[in-house]
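Okay, structure first, notes after.
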Amino acid sequence: MTKRVLIAGFKHETNTFSKLPTDLDAYRKRALHFGEDIRAAYSGTNTEIAGFLDACEKYGWEPVLSVVADATPSGRVTREAFDTVSGHILRTIEEGGVPDAILLQLHGAMVTEHHDDGESALLSLIRERVGRDVPIGVTHDLHANVTDLTAELSDVLVSYRTYPHIDMHETAMRCAELTARMLNGEIDPFVTVLRGPQLDGVDHGRTTAPGPMRDILALADQLTREHALLSASVNAGFPWADVDYVGPSVIVVANRDNRGAEIAADALRAELWRTREVMTIAPVAARQAIAEARETGRIGAPFVIADFADNPGGGGYGDATRLLRAMIEAELKDAALSALFDPESVAACEAAGEGADIELQLGGKLEPSLGAPIAAKGQVIGMYEGKFRLEGPMSTGLALDLGPVAVFRVGGIDVVLASNRAQNYDRQFFSAFGIDPLEKQVLALKSAQHFRADYAPIASGIAVVDEGGGITSHNFSALDYKHARRPLWPLDDVADGAARS
């Protein structure tokens, strides 16, 4: 008899220091799909949902498509948004009957208005409806903050192994394979999760160069072989969440009677601690990055500057102006920035029309302390719908919508102004708006690391800017942690790094 497998996704990476609530409208702006619309939105893309769909075809399962919801990182998920999405999953179960298995695309760092651990809150609701006998396979981002309860409620729990995240589809297939083996009675999986007393780790998970994350993944592979594990995942954690369980973790999936699971998890957790101070990237000030860009950037091989501290992909507002101000003051030529979140300026550009010369107050509207608005005279170069599909290695084929977009030229700098917040990790953030990245000497991005997947191949050089401010800065001491467990490195001196927390 054909197995019925429910597929759903409910993702959010919650920056609790953000003043922007993550409501239903935030999900609508990025991704909120129901039923068969899911197939049209995700088939053929490099995403977990596409991986789940392909797994159904591979194993002969009947997919039961429920809901896929994904919002740009920001503040806590509202109760209405959580109840709406989780409620739809529960109704899918009620109306179609209990499925044979469930595959869930989660992030692992969701914090809601009423629950610090959104993933376990969702899983608890689902378990109440389907019981303990229905296999639940879960995928996580490698920047997950994983709790014991999430591990307890999942049968299979696997995370991405790349940052930039270019293995989403692959991760889903690994999750589905273990779920299939469970359905066939081949395995009886148990999930173990361990954390250490630290806020951040393994170079924040970077895998684009040799370093701690690559090394610990190699160790995970070795331990998987030695102890006959089913899976071993390493999470760098999401440090901009003021919750008790914040920080890096290791996840081991093994058969319930496998005593090697605890040994492997301990060894990986120890490696998290041992390498905590190793960083492969040294952030710089904006002026230093611009000076290097002047010397290195050229048409055909632009210099790329990433605004780490204002990364919308980590919950940053996307409208901080320190980098843009430095670019304007340096009178850069053949430069472009994408994208500055500024709906007001977009509306002003639309009212003025293409070709108009106007003065705008650029950016700095959500948190002026991170860079006040810039009074800038320039020209409206173009107006766009803001919809495009990603063409780079990450989330290939997925549709994005920046809302109404304006391109505003200030001196020699083309500034992409967007009505929706989004991290720039694909060249389409320029190309879709009439800007050829290869025709610029300098490209500035609101991003932290994901951009490397598509921009590194064309870049003459890369600089990451973090001037110690912003709600995605690595200057953690500037943030007011009130609920995170203590002591916690690097906020505190930790006497015993071997202690679990």
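How things are named: the first chain in the structure tokens is A, the next is B, and so on; residues count from 1 in each chain; ligands count from 1 in the order shown.
For range 368-455 of chain A, the set of residues given alpha helix (DSSP H) by DSSP on the backbone reads Gln428, Phe429, Phe430, Ser431, Arg452, Ala453, Asp454 and Tyr455 of chain A.
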Counting only C-alpha atoms, what are the residues of range 307-418 of chain A within 12 Å of range 160-184 of chain A, and for each of them which pair of atoms is the nearest and at what distance in Å, to one decimal? Sort the table by chain and rising number, as a tab-separated table.
```
residue	atom	partner	partner_atom	distance
A:Gly313	CA	A:Pro164	CA	11.5
A:Gly392	CA	A:Ile166	CA	9.4
A:Pro393	CA	A:Ile166	CA	6.0
A:Met394	CA	A:Ile166	CA	4.7
A:Ser395	CA	A:Ile166	CA	7.0
A:Thr396	CA	A:Ile166	CA	8.7
```
Close residues, range 234-242 of chain A itself excluded, 7 Å, only C-alpha atoms, min 3 positions apart in chain, as a PyMOL selection string
chain A and resi 14-17+109+142-145+199-202+204-205+246-251+472+481-484
With N, CA and C atoms retained, could you export that selection as an mmCIF file, in the first residue's frame?
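Result file follows (result-v9.cif):
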```cif
data_model
loop_
_atom_site.group_PDB
_atom_site.id
_atom_site.type_symbol
_atom_site.label_atom_id
_atom_site.label_comp_id
_atom_site.auth_asym_id
_atom_site.auth_seq_id
_atom_site.Cartn_x
_atom_site.Cartn_y
_atom_site.Cartn_z
ATOM 1 N N THR A 14 15.012 33.816 14.174
ATOM 2 C CA THR A 14 14.513 34.954 14.932
ATOM 3 C C THR A 14 15.627 35.702 15.652
ATOM 4 N N ASN A 15 15.784 36.973 15.296
ATOM 5 C CA ASN A 15 16.709 37.869 15.993
ATOM 6 C C ASN A 15 15.901 38.595 17.055
ATOM 7 N N THR A 16 16.060 38.189 18.306
ATOM 8 C CA THR A 16 15.222 38.754 19.371
ATOM 9 C C THR A 16 15.578 40.205 19.687
ATOM 10 N N PHE A 17 16.668 40.718 19.123
ATOM 11 C CA PHE A 17 17.042 42.114 19.338
ATOM 12 C C PHE A 17 16.403 43.032 18.301
ATOM 13 N N ALA A 109 15.779 27.983 14.725
ATOM 14 C CA ALA A 109 16.041 29.172 15.544
ATOM 15 C C ALA A 109 14.814 30.075 15.601
ATOM 16 N N LEU A 142 22.078 25.084 9.546
ATOM 17 C CA LEU A 142 23.214 24.831 10.452
ATOM 18 C C LEU A 142 23.401 25.954 11.465
ATOM 19 N N HIS A 143 22.581 27.011 11.376
ATOM 20 C CA HIS A 143 22.585 28.047 12.409
ATOM 21 C C HIS A 143 21.413 27.867 13.369
ATOM 22 N N ALA A 144 21.030 26.624 13.564
ATOM 23 C CA ALA A 144 19.963 26.302 14.497
ATOM 24 C C ALA A 144 20.450 26.385 15.941
ATOM 25 N N ASN A 145 19.545 26.769 16.828
ATOM 26 C CA ASN A 145 19.728 26.645 18.275
ATOM 27 C C ASN A 145 18.822 25.491 18.714
ATOM 28 N N LEU A 199 28.403 30.937 22.992
ATOM 29 C CA LEU A 199 27.386 31.652 22.237
ATOM 30 C C LEU A 199 27.528 31.426 20.741
ATOM 31 N N ASP A 200 28.753 31.266 20.279
ATOM 32 C CA ASP A 200 29.042 31.123 18.855
ATOM 33 C C ASP A 200 30.170 30.106 18.713
ATOM 34 N N GLY A 201 30.319 29.558 17.515
ATOM 35 C CA GLY A 201 31.392 28.583 17.360
ATOM 36 C C GLY A 201 31.646 28.167 15.932
ATOM 37 N N VAL A 202 32.656 27.326 15.766
ATOM 38 C CA VAL A 202 33.124 26.784 14.482
ATOM 39 C C VAL A 202 33.099 27.838 13.373
ATOM 40 N N HIS A 204 31.467 30.396 12.922
ATOM 41 C CA HIS A 204 30.089 30.689 12.546
ATOM 42 C C HIS A 204 29.605 29.759 11.431
ATOM 43 N N GLY A 205 30.305 28.644 11.238
ATOM 44 C CA GLY A 205 29.856 27.626 10.301
ATOM 45 C C GLY A 205 30.373 27.761 8.887
ATOM 46 N N VAL A 246 20.516 29.205 23.496
ATOM 47 C CA VAL A 246 21.266 29.756 22.370
ATOM 48 C C VAL A 246 22.668 29.148 22.279
ATOM 49 N N GLY A 247 23.156 28.945 21.054
ATOM 50 C CA GLY A 247 24.540 28.532 20.882
ATOM 51 C C GLY A 247 24.727 27.285 20.042
ATOM 52 N N PRO A 248 25.980 26.965 19.738
ATOM 53 C CA PRO A 248 26.304 25.809 18.909
ATOM 54 C C PRO A 248 25.885 24.497 19.563
ATOM 55 N N SER A 249 25.663 23.516 18.705
ATOM 56 C CA SER A 249 25.265 22.200 19.196
ATOM 57 C C SER A 249 25.697 21.127 18.216
ATOM 58 N N VAL A 250 25.675 19.892 18.691
ATOM 59 C CA VAL A 250 25.908 18.742 17.813
ATOM 60 C C VAL A 250 24.694 17.828 17.926
ATOM 61 N N ILE A 251 24.322 17.236 16.790
ATOM 62 C CA ILE A 251 23.179 16.329 16.738
ATOM 63 C C ILE A 251 23.659 14.988 16.209
ATOM 64 N N THR A 472 23.321 42.423 13.984
ATOM 65 C CA THR A 472 23.947 41.189 13.510
ATOM 66 C C THR A 472 25.464 41.293 13.587
ATOM 67 N N TYR A 481 21.975 40.767 26.594
ATOM 68 C CA TYR A 481 21.457 39.417 26.823
ATOM 69 C C TYR A 481 20.907 39.319 28.247
ATOM 70 N N LYS A 482 19.628 38.987 28.349
ATOM 71 C CA LYS A 482 18.975 38.878 29.651
ATOM 72 C C LYS A 482 18.519 37.457 29.981
ATOM 73 N N HIS A 483 18.316 36.631 28.958
ATOM 74 C CA HIS A 483 17.725 35.313 29.176
ATOM 75 C C HIS A 483 18.654 34.153 28.818
ATOM 76 N N ALA A 484 19.742 34.434 28.137
ATOM 77 C CA ALA A 484 20.687 33.368 27.794
ATOM 78 C C ALA A 484 21.296 32.799 29.066
#
```
Find the residue from A:Leu445, A:Ile471, A:Met327, A:Leu219 that sits nearest to Gly75 in chain A; use only C-alpha atoms when measuring.
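Residue with the minimum atom-to-atom distance to Gly75 in chain A: A:Ile471.
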Quick one: residues within 12 Å of Pro73 in chain A, only C-alpha atoms, excluding same-chain residues fewer than 5 positions away - as a PyMOL selection string?
chain A and resi 11-23+26-27+30+107+109-111+238+240-241+310-318+420-423+471-472
Find the residue from A:Arg294, A:Leu230, A:Arg39, A:Val243 that sits nearest to Leu488 in chain A; use only C-alpha atoms when measuring.
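The shortest atom-to-atom distance to Leu488 in chain A comes from A:Val243.
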Using backbone DSSP assignments, extract all strand (DSSP E or B) residues from range 141-284 of chain A; output them as an NGL selection string.
:A and (156-159 or 189-195 or 198 or 231-235 or 249-255 or 284)
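Near Arg256 in chain A, within 6 Å and counting only C-alpha atoms, sit Asp188, Pro189 and Phe190 of chain A, not including residues fewer than 4 positions from it in the same chain.
If you measure from each of A:Arg91, A:Arg322, A:Arg214, A:His115 to Pro368 in chain A using only C-alpha atoms, the closest one turns out to be A:Arg322.
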With only C-alpha atoms as the counted atoms, please give the residues lying no more than 10 Å from Ala320 in chain A, apart from itself and same-chain residues fewer than 2 positions off, as a ChimeraX atom specification.
/A:307,309-311,316-318,322-325,340-341,362-373,446,469-470
Only C-alpha atoms, please: the residues just picked out, written as a JSON list (two decimals), in the first residue's frame.
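Saved to result-v7.json:
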```
[["chain", "number", "residue", "atom", "x", "y", "z"],
["A", 307, "ASP", "CA", 27.82, 44.75, 5.29],
["A", 309, "ALA", "CA", 26.55, 44.08, 10.82],
["A", 310, "ASP", "CA", 23.38, 44.97, 8.90],
["A", 311, "ASN", "CA", 22.65, 41.62, 7.29],
["A", 316, "GLY", "CA", 19.41, 43.14, 10.39],
["A", 317, "TYR", "CA", 17.14, 45.96, 9.32],
["A", 318, "GLY", "CA", 18.86, 46.35, 5.96],
["A", 322, "ARG", "CA", 27.34, 53.64, 7.53],
["A", 323, "LEU", "CA", 28.76, 51.74, 4.57],
["A", 324, "LEU", "CA", 26.80, 53.70, 1.97],
["A", 325, "ARG", "CA", 27.79, 57.01, 3.58],
["A", 340, "LEU", "CA", 18.89, 49.18, 0.92],
["A", 341, "PHE", "CA", 15.52, 48.67, 2.60],
["A", 362, "LEU", "CA", 18.28, 57.43, 2.18],
["A", 363, "GLY", "CA", 17.94, 54.67, 4.79],
["A", 364, "GLY", "CA", 18.43, 55.01, 8.53],
["A", 365, "LYS", "CA", 14.74, 55.11, 9.30],
["A", 366, "LEU", "CA", 14.34, 52.04, 11.52],
["A", 367, "GLU", "CA", 17.34, 52.57, 13.80],
["A", 368, "PRO", "CA", 19.16, 55.87, 13.12],
["A", 369, "SER", "CA", 21.81, 55.00, 15.74],
["A", 370, "LEU", "CA", 23.13, 52.44, 13.24],
["A", 371, "GLY", "CA", 23.51, 55.15, 10.60],
["A", 372, "ALA", "CA", 21.28, 58.18, 10.20],
["A", 373, "PRO", "CA", 19.43, 58.91, 6.94],
["A", 446, "LYS", "CA", 23.75, 43.54, 2.63],
["A", 469, "GLY", "CA", 27.29, 48.15, 15.77],
["A", 470, "GLY", "CA", 24.14, 46.58, 14.46]]
```
Using only C-alpha atoms: which of A:Leu337, A:Asp155, A:Asp221, A:Ala267 has the shortest distance to Ala254 in chain A:
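Selected residue with least distance to Ala254 in chain A: A:Asp155.
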How many Å lie between CA of Val407 in chain A and CA of Ala291 in chain A, rounded to one decimal?
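Separating CA of Val407 in chain A from CA of Ala291 in chain A is a distance of 24.7 Å.
Interatomic distance, CA of Ala326 in chain A to CA of Asp466 in chain A: 13.2 Å.
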Taking 2 positions as the minimum chain separation for residues in the same chain, which residues sit within 6 Å of Val156 in chain A when counting only C-alpha atoms? Answer as an MDAnalysis selection string.
chainID A and resid 137:138 154
Compare A:Phe82, A:Phe52, A:Phe34, A:Phe308 by their minimum atom-to-atom distance to Leu65 in chain A, counting only C-alpha atoms, and give me the closest one.
A:Phe34
